[in-house]
file my_file08.pdb (PDB, C-alpha atoms)
ATOM      1  CA  MET A  13     -32.638  18.112 -52.720
ATOM      2  CA  LYS A  14     -31.952  20.229 -49.666
ATOM      3  CA  SER A  15     -32.520  18.768 -46.198
ATOM      4  CA  PHE A  16     -32.893  20.493 -42.855
ATOM      5  CA  SER A  17     -32.848  18.883 -39.447
ATOM      6  CA  ALA A  18     -36.019  19.566 -37.487
ATOM      7  CA  SER A  19     -34.164  21.847 -35.056
ATOM      8  CA  ASP A  20     -32.426  23.726 -37.933
ATOM      9  CA  ALA A  21     -35.792  24.153 -39.649
ATOM     10  CA  LYS A  22     -37.210  25.651 -36.469
ATOM     11  CA  GLN A  23     -34.231  27.916 -35.814
ATOM     12  CA  ASN A  24     -33.779  28.995 -39.450
ATOM     13  CA  PHE A  25     -37.335  29.055 -40.699
ATOM     14  CA  GLY A  26     -36.743  32.002 -43.056
ATOM     15  CA  GLU A  27     -33.890  30.149 -44.772
ATOM     16  CA  LEU A  28     -36.063  27.018 -44.980
ATOM     17  CA  LEU A  29     -38.826  29.039 -46.678
ATOM     18  CA  ALA A  30     -36.349  30.523 -49.149
ATOM     19  CA  HIS A  31     -35.106  27.048 -50.146
ATOM     20  CA  ALA A  32     -38.663  25.676 -50.294
ATOM     21  CA  ALA A  33     -39.678  28.479 -52.677
ATOM     22  CA  ARG A  34     -37.108  27.147 -55.186
ATOM     23  CA  GLY A  35     -37.714  23.414 -54.751
ATOM     24  CA  PRO A  36     -38.614  20.636 -52.361
ATOM     25  CA  VAL A  37     -36.943  20.540 -48.954
ATOM     26  CA  HIS A  38     -36.902  17.548 -46.602
ATOM     27  CA  ILE A  39     -37.141  17.944 -42.834
ATOM     28  CA  VAL A  40     -35.245  15.231 -40.993
ATOM     29  CA  ARG A  41     -35.702  14.111 -37.403
ATOM     30  CA  HIS A  42     -33.578  11.354 -35.874
ATOM     31  CA  GLY A  43     -32.192  10.464 -39.302
ATOM     32  CA  LYS A  44     -35.626  10.002 -40.925
ATOM     33  CA  VAL A  45     -37.477  12.301 -43.295
ATOM     34  CA  VAL A  46     -40.607  13.331 -41.382
ATOM     35  CA  ALA A  47     -41.893  16.134 -43.609
ATOM     36  CA  ALA A  48     -41.293  17.953 -46.858
ATOM     37  CA  MET A  49     -41.946  21.476 -48.026
ATOM     38  CA  VAL A  50     -42.567  22.258 -51.675
ATOM     39  CA  PRO A  51     -43.099  25.503 -53.564
ATOM     40  CA  ALA A  52     -46.706  26.699 -53.341
ATOM     41  CA  ASP A  53     -47.079  26.740 -57.121
ATOM     42  CA  TRP A  54     -46.485  22.954 -57.155
ATOM     43  CA  LEU A  55     -49.807  22.425 -55.452
ATOM     44  CA  ASP A  56     -53.258  22.666 -56.931
ATOM     45  CA  GLN A  57     -54.748  24.640 -54.066
ATOM     46  CA  SER A  58     -58.235  23.145 -54.431
ATOM     47  CA  ALA A  59     -56.850  19.586 -54.372
ATOM     48  CA  ALA A  60     -54.378  20.285 -51.574
ATOM     49  CA  LEU A  61     -56.998  21.407 -49.097
ATOM     50  CA  PRO A  62     -60.127  19.236 -49.263
ATOM     51  CA  ASP A  63     -63.163  20.498 -47.431
ATOM     52  CA  PRO A  64     -62.966  18.802 -44.012
ATOM     53  CA  ARG A  65     -66.762  18.572 -43.843
ATOM     54  CA  VAL A  66     -66.877  16.636 -47.106
ATOM     55  CA  ALA A  67     -64.100  14.342 -45.865
ATOM     56  CA  ALA A  68     -65.914  13.776 -42.554
ATOM     57  CA  ARG A  69     -69.175  12.933 -44.355
ATOM     58  CA  ALA A  70     -67.354  10.489 -46.626
ATOM     59  CA  ALA A  71     -65.673   8.822 -43.638
ATOM     60  CA  GLN A  72     -69.014   8.538 -41.826
ATOM     61  CA  LEU A  73     -70.603   7.016 -44.926
ATOM     62  CA  GLN A  74     -67.815   4.411 -45.035
ATOM     63  CA  ARG A  75     -68.328   3.551 -41.352
ATOM     64  CA  ASP A  76     -72.081   3.228 -41.872
ATOM     65  CA  GLN A  77     -71.542   0.978 -44.901
ATOM     66  CA  ALA A  78     -69.098  -1.216 -42.961
ATOM     67  CA  ARG A  79     -71.648  -1.590 -40.125
ATOM     68  CA  GLU A  80     -74.387  -2.448 -42.600
ATOM     69  CA  ASP A  81     -72.139  -5.055 -44.256
ATOM     70  CA  LYS A  82     -71.259  -6.532 -40.856
ATOM     71  CA  HIS A  83     -74.934  -6.912 -39.979
ATOM     72  CA  ARG A  84     -75.684  -8.496 -43.334
ATOM     73  CA  ARG A  85     -73.008 -11.100 -42.573
ATOM     74  CA  ILE A  86     -74.481 -11.616 -39.092
ATOM     75  CA  ALA A  87     -77.988 -11.954 -40.554
ATOM     76  CA  LEU A  88     -76.718 -14.501 -43.068
ATOM     77  CA  ALA A  89     -74.976 -16.435 -40.303
ATOM     78  CA  LEU A  90     -78.168 -16.427 -38.224
ATOM     79  CA  LEU A  91     -80.260 -17.624 -41.149
ATOM     80  CA  THR A  92     -77.863 -20.357 -42.286
ATOM     81  CA  SER A  93     -76.566 -21.711 -38.976
ATOM     82  CA  SER A  94     -77.933 -24.619 -36.996
ATOM     83  CA  ALA A  95     -80.551 -23.962 -34.328
ATOM     84  CA  GLN A  96     -77.916 -24.507 -31.631
ATOM     85  CA  GLU A  97     -75.448 -22.051 -33.221
ATOM     86  CA  ARG A  98     -78.229 -19.521 -33.793
ATOM     87  CA  LYS A  99     -79.292 -19.766 -30.148
ATOM     88  CA  ALA A 100     -75.690 -19.310 -29.009
ATOM     89  CA  MET A 101     -75.292 -16.162 -31.141
ATOM     90  CA  ILE A 102     -78.518 -14.627 -29.852
ATOM     91  CA  ASP A 103     -77.770 -15.592 -26.240
ATOM     92  CA  GLN A 104     -74.320 -13.981 -26.533
ATOM     93  CA  ALA A 105     -75.944 -10.812 -27.903
ATOM     94  CA  ARG A 106     -78.468 -10.807 -25.044
ATOM     95  CA  ARG A 107     -75.631 -11.123 -22.507
ATOM     96  CA  MET A 108     -73.902  -8.147 -24.132
ATOM     97  CA  VAL A 109     -77.080  -6.058 -23.869
ATOM     98  CA  ALA A 110     -77.423  -7.092 -20.208
ATOM     99  CA  ARG A 111     -73.818  -5.982 -19.643
ATOM    100  CA  TRP A 112     -74.528  -2.644 -21.309
ATOM    101  CA  GLN A 113     -77.366  -2.105 -18.866
ATOM    102  CA  ALA A 114     -75.512  -3.356 -15.767
ATOM    103  CA  GLU A 115     -72.468  -1.197 -16.472
ATOM    104  CA  GLN A 116     -74.417   1.714 -17.983
ATOM    105  CA  LEU A 117     -72.382   1.457 -21.179
ATOM    106  CA  CYS A 118     -75.138   2.366 -23.589
ATOM    107  CA  SER A 119     -78.226   4.503 -23.892
ATOM    108  CA  PRO A 120     -81.394   2.940 -22.484
ATOM    109  CA  ASP A 121     -82.985   3.512 -25.910
ATOM    110  CA  TYR A 122     -80.482   1.170 -27.583
ATOM    111  CA  ILE A 123     -80.773  -1.376 -24.784
ATOM    112  CA  ALA A 124     -84.565  -1.449 -25.129
ATOM    113  CA  GLY A 125     -84.292  -1.505 -28.902
ATOM    114  CA  TRP A 126     -81.872  -4.434 -29.015
ATOM    115  CA  ARG A 127     -83.909  -6.348 -26.433
ATOM    116  CA  ALA A 128     -86.978  -5.936 -28.637
ATOM    117  CA  TRP A 129     -85.056  -6.921 -31.774
ATOM    118  CA  LEU A 130     -83.499  -9.973 -30.091
ATOM    119  CA  SER A 131     -86.954 -11.206 -29.109
ATOM    120  CA  LEU A 132     -88.075 -11.288 -32.765
ATOM    121  CA  PRO A 133     -88.156 -14.509 -34.796
ATOM    122  CA  VAL A 134     -84.777 -14.992 -36.525
ATOM    123  CA  ALA A 135     -86.007 -14.126 -40.039
ATOM    124  CA  GLU A 136     -87.607 -10.920 -38.742
ATOM    125  CA  LEU A 137     -84.480 -10.047 -36.714
ATOM    126  CA  ALA A 138     -82.304 -10.480 -39.810
ATOM    127  CA  LYS A 139     -84.624  -8.288 -41.866
ATOM    128  CA  THR A 140     -84.908  -5.605 -39.183
ATOM    129  CA  MET A 141     -81.214  -5.212 -38.397
ATOM    130  CA  THR A 142     -80.270  -4.992 -42.092
ATOM    131  CA  SER A 143     -83.070  -2.582 -42.980
ATOM    132  CA  THR A 144     -82.243   0.589 -44.827
ATOM    133  CA  ASP A 145     -85.801   1.925 -44.448
ATOM    134  CA  ASP A 146     -86.137   1.867 -40.654
ATOM    135  CA  PRO A 147     -84.773   5.168 -39.269
ATOM    136  CA  TRP A 148     -83.564   3.343 -36.126
ATOM    137  CA  ALA A 149     -81.627   0.639 -38.010
ATOM    138  CA  LYS A 150     -78.513   2.706 -38.740
ATOM    139  CA  PRO A 151     -78.155   4.065 -35.182
ATOM    140  CA  MET A 152     -78.824   0.609 -33.741
ATOM    141  CA  ARG A 153     -76.023  -0.868 -35.872
ATOM    142  CA  GLN A 154     -73.620   1.601 -34.249
ATOM    143  CA  ASN A 155     -74.153  -0.210 -30.941
ATOM    144  CA  SER A 156     -74.316  -3.830 -31.953
ATOM    145  CA  PRO A 157     -74.271  -6.635 -29.387
ATOM    146  CA  PHE A 158     -73.242  -9.128 -32.058
ATOM    147  CA  VAL A 159     -69.804 -10.542 -32.687
ATOM    148  CA  LEU A 160     -69.181 -11.997 -36.125
ATOM    149  CA  PRO A 161     -68.839 -15.767 -35.980
ATOM    150  CA  ALA A 162     -65.373 -17.128 -36.710
TER     151      ALA A 162
END
call {"tool": "encode", "arguments": {"input": "my_file08.pdb", "output": "structure tokens"}}
result
Amino acid sequence: MKSFSASDAKQNFGELLAHAARGPVHIVRHGKVVAAMVPADWLDQSAALPDPRVAARAAQLQRDQAREDKHRRIALALLTSSAQERKAMIDQARRMVARWQAEQLCSPDYIAGWRAWLSLPVAELAKTMTSTDDPWAKPMRQNSPFVLPA
């Protein structure tokens, strides 16, 4: 397999393209392969270039699912912990919301929302923050004052 240094690839791009049309070519920088060029017919064009909008939606869906899972674990911890541990978790969350307000780190809508949620009875808080029906639940999980217990 042919290799080009990064500077040779830049200075002799036409030659690089000619070699890449026949087979794979490595581009080397500081002794390490940093890229490769392959003939265009080696690639399935539809697979090589995924729609960036589809990829962005899939990544956002993964982030939303991870936040939902995190809040399910928090809800479970709240529901199964001792009264003292539960109080400590909620107090820590309240301090975080107070910090958001004091340092203007978060939208007033989220601050008001989390204050209202944190004033709910624990069972209702757990249900509310893990809801998939409430249109505010997903955005609220993006700005969570909770830290998962160790």
call {"tool": "resolve_selection", "arguments": {"input": "my_file08.pdb", "expression": "the PyMOL selection byres ((chain A and resi 150-161) around 8)", "output": "PDB file with C-alpha atoms, in the frame of the given file"}}
result
ATOM      1  CA  ASP A  76     -72.081   3.228 -41.872  1.00  0.00           C
ATOM      2  CA  ARG A  79     -71.648  -1.590 -40.125  1.00  0.00           C
ATOM      3  CA  GLU A  80     -74.387  -2.448 -42.600  1.00  0.00           C
ATOM      4  CA  LYS A  82     -71.259  -6.532 -40.856  1.00  0.00           C
ATOM      5  CA  HIS A  83     -74.934  -6.912 -39.979  1.00  0.00           C
ATOM      6  CA  ARG A  85     -73.008 -11.100 -42.573  1.00  0.00           C
ATOM      7  CA  ILE A  86     -74.481 -11.616 -39.092  1.00  0.00           C
ATOM      8  CA  ALA A  89     -74.976 -16.435 -40.303  1.00  0.00           C
ATOM      9  CA  MET A 101     -75.292 -16.162 -31.141  1.00  0.00           C
ATOM     10  CA  ILE A 102     -78.518 -14.627 -29.852  1.00  0.00           C
ATOM     11  CA  GLN A 104     -74.320 -13.981 -26.533  1.00  0.00           C
ATOM     12  CA  ALA A 105     -75.944 -10.812 -27.903  1.00  0.00           C
ATOM     13  CA  ARG A 106     -78.468 -10.807 -25.044  1.00  0.00           C
ATOM     14  CA  MET A 108     -73.902  -8.147 -24.132  1.00  0.00           C
ATOM     15  CA  VAL A 109     -77.080  -6.058 -23.869  1.00  0.00           C
ATOM     16  CA  CYS A 118     -75.138   2.366 -23.589  1.00  0.00           C
ATOM     17  CA  TYR A 122     -80.482   1.170 -27.583  1.00  0.00           C
ATOM     18  CA  GLY A 125     -84.292  -1.505 -28.902  1.00  0.00           C
ATOM     19  CA  TRP A 126     -81.872  -4.434 -29.015  1.00  0.00           C
ATOM     20  CA  MET A 141     -81.214  -5.212 -38.397  1.00  0.00           C
ATOM     21  CA  THR A 144     -82.243   0.589 -44.827  1.00  0.00           C
ATOM     22  CA  ASP A 146     -86.137   1.867 -40.654  1.00  0.00           C
ATOM     23  CA  PRO A 147     -84.773   5.168 -39.269  1.00  0.00           C
ATOM     24  CA  TRP A 148     -83.564   3.343 -36.126  1.00  0.00           C
ATOM     25  CA  ALA A 149     -81.627   0.639 -38.010  1.00  0.00           C
ATOM     26  CA  ALA A 162     -65.373 -17.128 -36.710  1.00  0.00           C
TER      27      ALA A 162
END
call {"tool": "resolve_selection", "arguments": {"input": "my_file08.pdb", "expression": "the PyMOL selection byres ((chain A and resi 34) around 12)", "output": "list in words"}}
result
Met13, Lys14, Glu27, Leu28, Leu29, Ala30, His31, Ala32, Ala33, Gly35, Pro36, Val37, Met49, Val50, Pro51, Ala52, Asp53 and Trp54 of chain A
call {"tool": "atom_distance", "arguments": {"input": "my_file08.pdb", "atom1": "CA of Ala114 (chain A)", "atom2": "CA of Trp129 (chain A)"}}
result
19.0 Å
call {"tool": "atom_distance", "arguments": {"input": "my_file08.pdb", "atom1": "CA of Leu130 (chain A)", "atom2": "CA of Arg75 (chain A)"}}
result
23.2 Å
call {"tool": "residues_around", "arguments": {"input": "my_file08.pdb", "residues": "Ser17 (chain A)", "least_positions_apart": "2", "cutoff": "10 Å", "atoms": "only C-alpha atoms", "output": "NGL selection string"}}
result
:A and (15 or 19-23 or 38-46)
call {"tool": "atom_distance", "arguments": {"input": "my_file08.pdb", "atom1": "CA of Gln77 (chain A)", "atom2": "CA of Ser94 (chain A)"}}
result
27.5 Å
call {"tool": "closest_residue", "arguments": {"input": "my_file08.pdb", "among": "A:Glu115, A:Asp81, A:Asp121, A:Asp103", "to": "Ser143 (chain A)", "atoms": "all atoms listed in the file"}}
result
A:Asp81
call {"tool": "closest_residue", "arguments": {"input": "my_file08.pdb", "among": "A:Val134, A:Ala18, A:Ala48, A:Leu55", "to": "Ala95 (chain A)", "atoms": "all atoms listed in the file"}}
result
A:Val134
call {"tool": "closest_residue", "arguments": {"input": "my_file08.pdb", "among": "A:Ile123, A:Ala110, A:Leu88, A:Ala47", "to": "Ala135 (chain A)", "atoms": "only C-alpha atoms"}}
result
A:Leu88
call {"tool": "closest_residue", "arguments": {"input": "my_file08.pdb", "among": "A:Ala124, A:Leu117, A:Ala78, A:Ala68", "to": "Thr142 (chain A)", "atoms": "only C-alpha atoms"}}
result
A:Ala78
call {"tool": "decode", "arguments": {"input": "my_file08.pdb", "residues": "region 20-34 of chain A", "atoms": "all heavy atoms", "output": "PDB file, in the first residue's frame"}}
result
ATOM      1  N   ASP A  20       3.709  15.839   1.660  1.00  0.00           N
ATOM      2  CA  ASP A  20       3.773  15.360   0.271  1.00  0.00           C
ATOM      3  C   ASP A  20       2.371  15.268  -0.331  1.00  0.00           C
ATOM      4  O   ASP A  20       2.174  15.578  -1.503  1.00  0.00           O
ATOM      5  CB  ASP A  20       4.449  13.989   0.189  1.00  0.00           C
ATOM      6  CG  ASP A  20       5.962  14.063   0.352  1.00  0.00           C
ATOM      7  OD1 ASP A  20       6.527  15.168   0.193  1.00  0.00           O
ATOM      8  OD2 ASP A  20       6.578  13.016   0.643  1.00  0.00           O
ATOM      9  N   ALA A  21       1.413  14.839   0.465  1.00  0.00           N
ATOM     10  CA  ALA A  21       0.033  14.741  -0.030  1.00  0.00           C
ATOM     11  C   ALA A  21      -0.479  16.115  -0.433  1.00  0.00           C
ATOM     12  O   ALA A  21      -1.149  16.261  -1.460  1.00  0.00           O
ATOM     13  CB  ALA A  21      -0.859  14.126   1.044  1.00  0.00           C
ATOM     14  N   LYS A  22      -0.135  17.119   0.370  1.00  0.00           N
ATOM     15  CA  LYS A  22      -0.581  18.480   0.076  1.00  0.00           C
ATOM     16  C   LYS A  22       0.121  19.019  -1.177  1.00  0.00           C
ATOM     17  O   LYS A  22      -0.510  19.608  -2.050  1.00  0.00           O
ATOM     18  CB  LYS A  22      -0.300  19.375   1.287  1.00  0.00           C
ATOM     19  CG  LYS A  22      -0.811  20.792   1.129  1.00  0.00           C
ATOM     20  CD  LYS A  22      -0.746  21.560   2.428  1.00  0.00           C
ATOM     21  CE  LYS A  22       0.648  22.091   2.648  1.00  0.00           C
ATOM     22  NZ  LYS A  22       0.740  23.002   3.791  1.00  0.00           N
ATOM     23  N   GLN A  23       1.416  18.786  -1.263  1.00  0.00           N
ATOM     24  CA  GLN A  23       2.196  19.340  -2.370  1.00  0.00           C
ATOM     25  C   GLN A  23       1.994  18.578  -3.676  1.00  0.00           C
ATOM     26  O   GLN A  23       2.171  19.138  -4.753  1.00  0.00           O
ATOM     27  CB  GLN A  23       3.683  19.350  -2.003  1.00  0.00           C
ATOM     28  CG  GLN A  23       3.998  20.315  -0.888  1.00  0.00           C
ATOM     29  CD  GLN A  23       5.413  20.144  -0.352  1.00  0.00           C
ATOM     30  OE1 GLN A  23       6.174  19.295  -0.814  1.00  0.00           O
ATOM     31  NE2 GLN A  23       5.755  20.946   0.643  1.00  0.00           N
ATOM     32  N   ASN A  24       1.633  17.303  -3.583  1.00  0.00           N
ATOM     33  CA  ASN A  24       1.482  16.458  -4.772  1.00  0.00           C
ATOM     34  C   ASN A  24       0.094  15.825  -4.807  1.00  0.00           C
ATOM     35  O   ASN A  24      -0.048  14.617  -4.971  1.00  0.00           O
ATOM     36  CB  ASN A  24       2.556  15.357  -4.779  1.00  0.00           C
ATOM     37  CG  ASN A  24       3.950  15.929  -4.716  1.00  0.00           C
ATOM     38  OD1 ASN A  24       4.336  16.709  -5.576  1.00  0.00           O
ATOM     39  ND2 ASN A  24       4.686  15.569  -3.690  1.00  0.00           N
ATOM     40  N   PHE A  25      -0.912  16.652  -4.661  1.00  0.00           N
ATOM     41  CA  PHE A  25      -2.267  16.145  -4.530  1.00  0.00           C
ATOM     42  C   PHE A  25      -2.709  15.366  -5.774  1.00  0.00           C
ATOM     43  O   PHE A  25      -3.372  14.339  -5.668  1.00  0.00           O
ATOM     44  CB  PHE A  25      -3.232  17.298  -4.242  1.00  0.00           C
ATOM     45  CG  PHE A  25      -4.606  16.834  -3.852  1.00  0.00           C
ATOM     46  CD1 PHE A  25      -4.810  16.152  -2.660  1.00  0.00           C
ATOM     47  CD2 PHE A  25      -5.684  17.062  -4.688  1.00  0.00           C
ATOM     48  CE1 PHE A  25      -6.076  15.716  -2.291  1.00  0.00           C
ATOM     49  CE2 PHE A  25      -6.955  16.628  -4.327  1.00  0.00           C
ATOM     50  CZ  PHE A  25      -7.151  15.950  -3.131  1.00  0.00           C
ATOM     51  N   GLY A  26      -2.327  15.828  -6.947  1.00  0.00           N
ATOM     52  CA  GLY A  26      -2.690  15.129  -8.187  1.00  0.00           C
ATOM     53  C   GLY A  26      -2.133  13.712  -8.202  1.00  0.00           C
ATOM     54  O   GLY A  26      -2.826  12.760  -8.580  1.00  0.00           O
ATOM     55  N   GLU A  27      -0.879  13.566  -7.804  1.00  0.00           N
ATOM     56  CA  GLU A  27      -0.255  12.234  -7.739  1.00  0.00           C
ATOM     57  C   GLU A  27      -0.967  11.363  -6.699  1.00  0.00           C
ATOM     58  O   GLU A  27      -1.215  10.181  -6.925  1.00  0.00           O
ATOM     59  CB  GLU A  27       1.232  12.373  -7.390  1.00  0.00           C
ATOM     60  CG  GLU A  27       1.978  11.070  -7.388  1.00  0.00           C
ATOM     61  CD  GLU A  27       3.446  11.229  -6.981  1.00  0.00           C
ATOM     62  OE1 GLU A  27       3.949  12.371  -6.951  1.00  0.00           O
ATOM     63  OE2 GLU A  27       4.058  10.192  -6.664  1.00  0.00           O
ATOM     64  N   LEU A  28      -1.307  11.960  -5.555  1.00  0.00           N
ATOM     65  CA  LEU A  28      -2.044  11.241  -4.518  1.00  0.00           C
ATOM     66  C   LEU A  28      -3.369  10.727  -5.067  1.00  0.00           C
ATOM     67  O   LEU A  28      -3.734   9.563  -4.864  1.00  0.00           O
ATOM     68  CB  LEU A  28      -2.294  12.163  -3.319  1.00  0.00           C
ATOM     69  CG  LEU A  28      -3.224  11.636  -2.227  1.00  0.00           C
ATOM     70  CD1 LEU A  28      -2.583  10.476  -1.485  1.00  0.00           C
ATOM     71  CD2 LEU A  28      -3.587  12.742  -1.261  1.00  0.00           C
ATOM     72  N   LEU A  29      -4.109  11.582  -5.805  1.00  0.00           N
ATOM     73  CA  LEU A  29      -5.377  11.160  -6.384  1.00  0.00           C
ATOM     74  C   LEU A  29      -5.185  10.033  -7.390  1.00  0.00           C
ATOM     75  O   LEU A  29      -5.993   9.093  -7.445  1.00  0.00           O
ATOM     76  CB  LEU A  29      -6.084  12.339  -7.054  1.00  0.00           C
ATOM     77  CG  LEU A  29      -6.683  13.394  -6.123  1.00  0.00           C
ATOM     78  CD1 LEU A  29      -7.258  14.553  -6.943  1.00  0.00           C
ATOM     79  CD2 LEU A  29      -7.749  12.794  -5.242  1.00  0.00           C
ATOM     80  N   ALA A  30      -4.142  10.096  -8.167  1.00  0.00           N
ATOM     81  CA  ALA A  30      -3.877   9.037  -9.157  1.00  0.00           C
ATOM     82  C   ALA A  30      -3.631   7.702  -8.464  1.00  0.00           C
ATOM     83  O   ALA A  30      -4.163   6.668  -8.881  1.00  0.00           O
ATOM     84  CB  ALA A  30      -2.680   9.421 -10.028  1.00  0.00           C
ATOM     85  N   HIS A  31      -2.847   7.708  -7.393  1.00  0.00           N
ATOM     86  CA  HIS A  31      -2.596   6.465  -6.635  1.00  0.00           C
ATOM     87  C   HIS A  31      -3.877   5.982  -5.959  1.00  0.00           C
ATOM     88  O   HIS A  31      -4.164   4.778  -5.937  1.00  0.00           O
ATOM     89  CB  HIS A  31      -1.497   6.681  -5.591  1.00  0.00           C
ATOM     90  CG  HIS A  31      -0.129   6.666  -6.148  1.00  0.00           C
ATOM     91  ND1 HIS A  31       0.519   5.505  -6.518  1.00  0.00           N
ATOM     92  CD2 HIS A  31       0.732   7.674  -6.406  1.00  0.00           C
ATOM     93  CE1 HIS A  31       1.716   5.802  -6.979  1.00  0.00           C
ATOM     94  NE2 HIS A  31       1.876   7.129  -6.926  1.00  0.00           N
ATOM     95  N   ALA A  32      -4.656   6.921  -5.400  1.00  0.00           N
ATOM     96  CA  ALA A  32      -5.878   6.545  -4.692  1.00  0.00           C
ATOM     97  C   ALA A  32      -6.925   5.973  -5.646  1.00  0.00           C
ATOM     98  O   ALA A  32      -7.756   5.163  -5.234  1.00  0.00           O
ATOM     99  CB  ALA A  32      -6.447   7.756  -3.953  1.00  0.00           C
ATOM    100  N   ALA A  33      -6.882   6.352  -6.912  1.00  0.00           N
ATOM    101  CA  ALA A  33      -7.824   5.795  -7.888  1.00  0.00           C
ATOM    102  C   ALA A  33      -7.554   4.317  -8.143  1.00  0.00           C
ATOM    103  O   ALA A  33      -8.453   3.568  -8.509  1.00  0.00           O
ATOM    104  CB  ALA A  33      -7.741   6.582  -9.199  1.00  0.00           C
ATOM    105  N   ARG A  34      -6.317   3.881  -7.917  1.00  0.00           N
ATOM    106  CA  ARG A  34      -5.940   2.470  -8.142  1.00  0.00           C
ATOM    107  C   ARG A  34      -6.051   1.612  -6.885  1.00  0.00           C
ATOM    108  O   ARG A  34      -6.190   0.409  -6.970  1.00  0.00           O
ATOM    109  CB  ARG A  34      -4.523   2.415  -8.700  1.00  0.00           C
ATOM    110  CG  ARG A  34      -4.389   3.016 -10.074  1.00  0.00           C
ATOM    111  CD  ARG A  34      -3.033   2.737 -10.692  1.00  0.00           C
ATOM    112  NE  ARG A  34      -1.933   3.331  -9.938  1.00  0.00           N
ATOM    113  CZ  ARG A  34      -1.446   4.548 -10.138  1.00  0.00           C
ATOM    114  NH1 ARG A  34      -1.982   5.324 -11.061  1.00  0.00           N
ATOM    115  NH2 ARG A  34      -0.444   4.996  -9.438  1.00  0.00           N
TER     116      ARG A  34
END
